[in-house]
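Chemist: Could you have a look at this structure, given as C-alpha cells, before my questions?
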Amino acid sequence: MKNQYDVVIIGGGIAGLYAALNLDSDTKVLVAAKRELNLCNSSLAQGGVAGVLDLQNDSFDLHIEDTMIAGQHQNRREAVEVLVKEGPDDLRRLLDTDIAWDREENGELHMTLEGGHSRNRIIHRKDSTGDAIMVALVNEVKSRKNIDVVTECHMANMQECDSGVITEFITPDGIKAVGSSFVIIATGGIGRVYKYTTNSAIATGDGITAAYFMGAKISNLQYVQFHPTAFASKEGRERFLISEAVRGEGAYLLNCEGKRFMHRYDERLELAPRDVVSNAVILESRRMGNEHFYLDITHRSREFLLDRFPMIHQRCLLEGVDITKDPIPVFPCQHYLMGGIDVDLNSKTRLDRVYAAGECSHTGVHGKNRLASNSLLEALVFGRRAAEHINSRRDRDFCGDIRTTLSVGGAPLPTGMRTTVREIMQRAYFVIPDPNAAEKGLRKIKEINDRIEKGGFAVTPQLVEARSLSKIAEIILKAAI
Ligand SMILES: Cc1cc2nc3c(=O)[nH]c(=O)nc-3n(C[C@H](O)[C@H](O)[C@H](O)COP(=O)(O)OP(=O)(O)OC[C@H]3O[C@@H](n4cnc5c(N)ncnc54)[C@H](O)[C@@H]3O)c2cc1C
C-alpha cells in the first residue's frame, strides 16, 4: 500500500469493486477492506439481481412502479428511474463474465419472482448469487495493474483537506495515513447494531459514522428493513436468511398452529413486500401469544428444491431441518438499511471529494422499504456512476500533508458496550418500534458515546466499531423518537 492514490475506495464488496473497475485505467486506485474480501454482505446475497432484461414481458415503468410501491412512495423518483433504466446495461456486463447464471433448458436466463415484483425479473446463480458475482469481480480487479487491493486494512478516520482526503487505517503494521484526491465510501450496512441480523460481521456502519463526523449529510437511518424469514436459530448473532425467492417459488408462511395467516393482513399474501410480511408476523405472534413461525415449501418436488436452493438446503440440514420434508422455523430479523450517507445521482456527498455507494449510501432509490433484489443493482449502478463522475473530473491534484493523527496507545476498550447497544436496539427499534424503550435507550447510548469519546482508549478495530455502532444507534433512535 502506497501513501498516495488518485482514488481510495473503502470497502471491497460489490459496490467498491465495481466502482474500481469503472475508473479509468490510468487512475491509481486503492481498494481497502477491513477483513478478507469474501466477508461482506455481498457474498451473502442469495436471491439475485433485479433488472428489466425482457422487454416483451416486462417494462421499465412496471419495475419503477414496483420499487415505488415497496418504498411507500418515499423514494427519490429520479434515482429510481436511473436505477431501472441503466441497470440492465450493468447486468449485461455481468452476463459477459464467466458466472454460470441459472438458465432454462432453451438457454434463456431463468428469471425468478420475489415479494413486491409484478414480473419475473430476477436473475440468479442458484441461491448464492452474491458469492458468484464477488468471485467474478475480485478476479477482474486483481488483474488490473492500476488497482491495489489491501485487506485487514481498517479505516479508522477520514479528514478533508483542500486537495482531497486523508484516510487513516489500522493495519497489522500500525496506523497508516493515505492521501487521495477522491474517496468512495462503500462500507456496507449496519446490521451489527442489532442483536439478531442476517448481516456479516463487517456491517458496523464505520463509513457512515466517519462521513457523519466529516460533515456529510446522513439521511433516513431510521429506515431499517427487517426480513420476515430468517432461520430462527437459538444461538448466534448472525441469522441465516431463508431467501424471499423461497416464497417466490411458492412457500407458505405458517403460524404456530401450522396454519397460513397472511390473508388476515394483506391480499398479496406471502408475496407482499418485506415490511408488510414482517409486520404481519409480529401482529400474528401477538394474536397467538406465540413466536413460532414456519416457512413450508415441502409441496415442491425434492429434485426442484435441491436444484433451486442447494445452499439453503445444505445450511438447514446443518440445523437439523430438511426443507424437502420439514417446515423451516423462521422469524423476522434486521436485514438491510435503506438510509445512509446522502448522495446525488452521481453518488457524490455534499463534501466535494467524497462519494458513497452501496448499502452505506442513501440514493433514495429504496424509499422506506427496499424492493427485493434491488440492492445489488443499486450497488452496481451507483458504484459505476461514482467512478464515471470521478473520471470526468480534472482536479486530481492531491498535495496534502499525509500524517497520522491517531494513536494505538491508551486504555483497552472495556467489554460490554457493543452488547448493550445491541440489546437496546433489539428492544426499542425492532419491527414495531417501542417509543418508551427508545427514549430510555437513547439516554444510555448517549452515555456510551460520551465514554467512548472521552475515555482515552487505544485506537483499535474494536474501538472504531464500538464508536460506529453507538453513533448509528443514537442517530436511529433520535430519528425514531
Ligand atoms: C443474507 C443476505 C442476503 C441478501 N440477498 C440479496 C439479494 O438476493 N439481492 C440483493 O439485491 N441484495 C441482497 N442482499 C443485500 C446486498 O447483499 C447488500 O446490500 C450489498 O451486497 C451491499 O454491498 P456493499 O458493497 O455496499 O457492502 P458489502 O458487500 O457489505 O461490503 C462492505 C465492504 O466494506 C468493508 N468495510 C466496512 N467497514 C470498513 C472499514 N472501517 N475499513 C475498511 N473496510 C471496511 C468490508 O470489509 C467490505 O469489504 C442481501 C444481504 C444479506 C445480508
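Residues in the C-alpha cells are numbered from 1 in each chain, the chains being A, B, ... in the order shown, and ligands are numbered from 1 in the order shown.
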Check every protein, DNA and RNA residue against ligand 1, keep those with an atom at most 6 Å away (counting only C-alpha atoms and all ligand atoms), and present them as a PyMOL selection string.

Modeler: chain A and resi 10-16+32-35+37+40-42+44-49+153-156+186-188+198-199+202+206+241+335+358-360+373-376+379

Chemist: Could I get the residues of segment 163-233 of chain A with an atom no further than 10 Å from an atom of segment 431-434 of chain A, each paired with its nearest atom pair and that distance in Å to one decimal, using only C-alpha atoms, sorted by chain and residue number, as JSON lines?

Modeler:
{"residue": "A:Val224", "atom": "CA", "partner": "A:Val431", "partner_atom": "CA", "distance": 8.8}
{"residue": "A:Gln225", "atom": "CA", "partner": "A:Val431", "partner_atom": "CA", "distance": 8.2}
{"residue": "A:Phe226", "atom": "CA", "partner": "A:Val431", "partner_atom": "CA", "distance": 6.4}
{"residue": "A:His227", "atom": "CA", "partner": "A:Val431", "partner_atom": "CA", "distance": 9.3}
{"residue": "A:Pro228", "atom": "CA", "partner": "A:Val431", "partner_atom": "CA", "distance": 9.4}

Chemist: If you count only C-alpha atoms, which residues fall within 8 Å of Leu406 of chain A, apart from same-chain ones fewer than 2 positions away, as an NGL selection string?

Modeler: :A and (168 or 175 or 404 or 408 or 459)

Chemist: Go ahead and save the picked residues with N, CA, C and O atoms, as a tab-separated table (two decimals), in the first residue's frame.

Modeler:
chain	number	residue	atom	x	y	z
A	168	GLU	N	-7.08	7.43	7.50
A	168	GLU	CA	-6.17	6.68	8.38
A	168	GLU	C	-6.70	5.26	8.57
A	168	GLU	O	-7.88	5.06	8.83
A	175	ILE	N	-0.71	2.20	12.41
A	175	ILE	CA	-1.62	3.14	11.74
A	175	ILE	C	-0.93	3.74	10.52
A	175	ILE	O	0.22	4.19	10.61
A	404	THR	N	-0.18	10.76	10.31
A	404	THR	CA	-1.16	10.08	11.16
A	404	THR	C	-1.48	10.97	12.36
A	404	THR	O	-0.63	11.68	12.88
A	408	VAL	N	-2.16	4.32	18.82
A	408	VAL	CA	-2.56	2.99	19.30
A	408	VAL	C	-2.40	2.89	20.81
A	408	VAL	O	-2.86	1.93	21.43
A	459	VAL	N	-6.68	3.21	19.95
A	459	VAL	CA	-7.42	3.08	18.68
A	459	VAL	C	-7.20	1.68	18.12
A	459	VAL	O	-6.10	1.35	17.65

Chemist: Using backbone DSSP assignments, extract all strand (DSSP E) residues from segment 198-333 of chain A; output them as a PyMOL selection string.

Modeler: chain A and resi 218-219+224-231+252-254+293-296+328-333

Chemist: DSSP on the backbone: which residues in segment 56-287 of chain A end up as helix (DSSP H, G or I)? Give the answer as a PyMOL selection string.

Modeler: chain A and resi 60-70+77-95+129-142+191-193+206-214+244-248+262-264+269-271+274-287

Chemist: Looking at A:Gly71, A:Leu17, A:Arg103, A:Leu317, which one is nearest to Val141 of chain A, with distances taken over only C-alpha atoms?

Modeler: A:Leu17

Chemist: Got a sec: who's within 8 Å of segment 135-140 of chain A, counting only C-alpha atoms, leaving out chain neighbours fewer than 5 positions off, as a PDB file with all heavy atoms, in the first residue's frame?

Modeler:
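Writing the result to around.pdb gives the following:
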ATOM      1  N   ILE A  14     -19.493  -5.535  -3.489  1.00  0.00           N
ATOM      2  CA  ILE A  14     -19.839  -5.328  -4.899  1.00  0.00           C
ATOM      3  C   ILE A  14     -19.789  -3.844  -5.270  1.00  0.00           C
ATOM      4  O   ILE A  14     -19.298  -3.477  -6.349  1.00  0.00           O
ATOM      5  CB  ILE A  14     -21.206  -5.980  -5.200  1.00  0.00           C
ATOM      6  CG1 ILE A  14     -21.006  -7.498  -5.230  1.00  0.00           C
ATOM      7  CG2 ILE A  14     -21.799  -5.475  -6.527  1.00  0.00           C
ATOM      8  CD1 ILE A  14     -22.253  -8.325  -5.463  1.00  0.00           C
ATOM      9  N   LEU A  17     -15.917  -2.794  -5.452  1.00  0.00           N
ATOM     10  CA  LEU A  17     -15.166  -3.449  -6.541  1.00  0.00           C
ATOM     11  C   LEU A  17     -15.651  -2.970  -7.906  1.00  0.00           C
ATOM     12  O   LEU A  17     -14.847  -2.718  -8.816  1.00  0.00           O
ATOM     13  CB  LEU A  17     -15.318  -4.971  -6.450  1.00  0.00           C
ATOM     14  CG  LEU A  17     -14.729  -5.640  -5.204  1.00  0.00           C
ATOM     15  CD1 LEU A  17     -15.044  -7.133  -5.204  1.00  0.00           C
ATOM     16  CD2 LEU A  17     -13.216  -5.422  -5.117  1.00  0.00           C
ATOM     17  N   TYR A  18     -16.972  -2.820  -8.044  1.00  0.00           N
ATOM     18  CA  TYR A  18     -17.495  -2.417  -9.354  1.00  0.00           C
ATOM     19  C   TYR A  18     -17.127  -0.955  -9.642  1.00  0.00           C
ATOM     20  O   TYR A  18     -16.829  -0.601 -10.784  1.00  0.00           O
ATOM     21  CB  TYR A  18     -19.013  -2.621  -9.395  1.00  0.00           C
ATOM     22  CG  TYR A  18     -19.590  -2.641 -10.790  1.00  0.00           C
ATOM     23  CD1 TYR A  18     -19.234  -3.635 -11.701  1.00  0.00           C
ATOM     24  CD2 TYR A  18     -20.496  -1.668 -11.201  1.00  0.00           C
ATOM     25  CE1 TYR A  18     -19.766  -3.657 -12.991  1.00  0.00           C
ATOM     26  CE2 TYR A  18     -21.042  -1.690 -12.485  1.00  0.00           C
ATOM     27  CZ  TYR A  18     -20.668  -2.688 -13.371  1.00  0.00           C
ATOM     28  OH  TYR A  18     -21.199  -2.708 -14.638  1.00  0.00           O
ATOM     29  N   LEU A  21     -13.577  -0.995 -10.921  1.00  0.00           N
ATOM     30  CA  LEU A  21     -13.460  -1.484 -12.301  1.00  0.00           C
ATOM     31  C   LEU A  21     -13.915  -0.444 -13.324  1.00  0.00           C
ATOM     32  O   LEU A  21     -13.574  -0.533 -14.498  1.00  0.00           O
ATOM     33  CB  LEU A  21     -14.294  -2.763 -12.477  1.00  0.00           C
ATOM     34  CG  LEU A  21     -13.722  -3.987 -11.764  1.00  0.00           C
ATOM     35  CD1 LEU A  21     -14.714  -5.142 -11.791  1.00  0.00           C
ATOM     36  CD2 LEU A  21     -12.395  -4.400 -12.400  1.00  0.00           C
ATOM     37  N   THR A  97     -19.435 -12.120 -17.979  1.00  0.00           N
ATOM     38  CA  THR A  97     -18.378 -12.765 -17.176  1.00  0.00           C
ATOM     39  C   THR A  97     -18.618 -14.278 -17.203  1.00  0.00           C
ATOM     40  O   THR A  97     -19.582 -14.740 -17.809  1.00  0.00           O
ATOM     41  CB  THR A  97     -18.446 -12.292 -15.700  1.00  0.00           C
ATOM     42  OG1 THR A  97     -19.700 -12.707 -15.161  1.00  0.00           O
ATOM     43  CG2 THR A  97     -18.330 -10.785 -15.586  1.00  0.00           C
ATOM     44  N   ASP A  98     -17.764 -15.041 -16.487  1.00  0.00           N
ATOM     45  CA  ASP A  98     -17.989 -16.494 -16.555  1.00  0.00           C
ATOM     46  C   ASP A  98     -18.901 -16.993 -15.425  1.00  0.00           C
ATOM     47  O   ASP A  98     -18.876 -18.181 -15.079  1.00  0.00           O
ATOM     48  CB  ASP A  98     -16.664 -17.268 -16.628  1.00  0.00           C
ATOM     49  CG  ASP A  98     -15.730 -16.848 -15.525  1.00  0.00           C
ATOM     50  OD1 ASP A  98     -16.212 -16.165 -14.595  1.00  0.00           O
ATOM     51  OD2 ASP A  98     -14.537 -17.206 -15.582  1.00  0.00           O
ATOM     52  N   ILE A  99     -19.741 -16.133 -14.871  1.00  0.00           N
ATOM     53  CA  ILE A  99     -20.717 -16.599 -13.873  1.00  0.00           C
ATOM     54  C   ILE A  99     -21.706 -17.538 -14.574  1.00  0.00           C
ATOM     55  O   ILE A  99     -22.245 -17.195 -15.632  1.00  0.00           O
ATOM     56  CB  ILE A  99     -21.504 -15.412 -13.266  1.00  0.00           C
ATOM     57  CG1 ILE A  99     -20.565 -14.449 -12.544  1.00  0.00           C
ATOM     58  CG2 ILE A  99     -22.619 -15.910 -12.324  1.00  0.00           C
ATOM     59  CD1 ILE A  99     -21.207 -13.162 -12.084  1.00  0.00           C
TER      60      ILE A  99
END

Chemist: Please compute the atom CA of Leu30 of chain A-atom CA of Arg144 of chain A distance, one decimal, in Å.

Modeler: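 It comes out at 11.5 Å.
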
Chemist: Here is a test: counting only C-alpha atoms, which residue of A:Leu283, A:Val150, A:Ala466, A:Leu380 is nearest to Phe169 of chain A?

Modeler: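 Smallest separation from Phe169 of chain A among the options: A:Val150.
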
Chemist: Residues near Asp395 of chain A, anyone? I mean within 10 Å using only C-alpha atoms, not counting same-chain ones fewer than 4 positions away, as JSON, numbers by chain.

Modeler: {"A": [6, 163, 164, 181, 182, 353, 390]}

Chemist: Would you write out those residues with C-alpha atoms, as a tab-separated table (two decimals), in the first residue's frame?

Modeler:
chain	number	residue	atom	x	y	z
A	6	ASP	CA	-5.95	9.23	-7.02
A	163	SER	CA	-6.97	18.93	-2.42
A	164	GLY	CA	-8.61	15.70	-1.23
A	181	SER	CA	-7.87	13.26	-4.48
A	182	PHE	CA	-11.16	11.37	-4.02
A	353	ARG	CA	-14.33	14.93	-3.00
A	390	ILE	CA	-14.63	10.96	-10.92

Chemist: Using only C-alpha atoms, which residues sit within 10 Å of Glu257 of chain A once same-chain residues fewer than 6 positions away are excluded, as a ChimeraX atom specification?

Modeler: /A:288,290,292-294
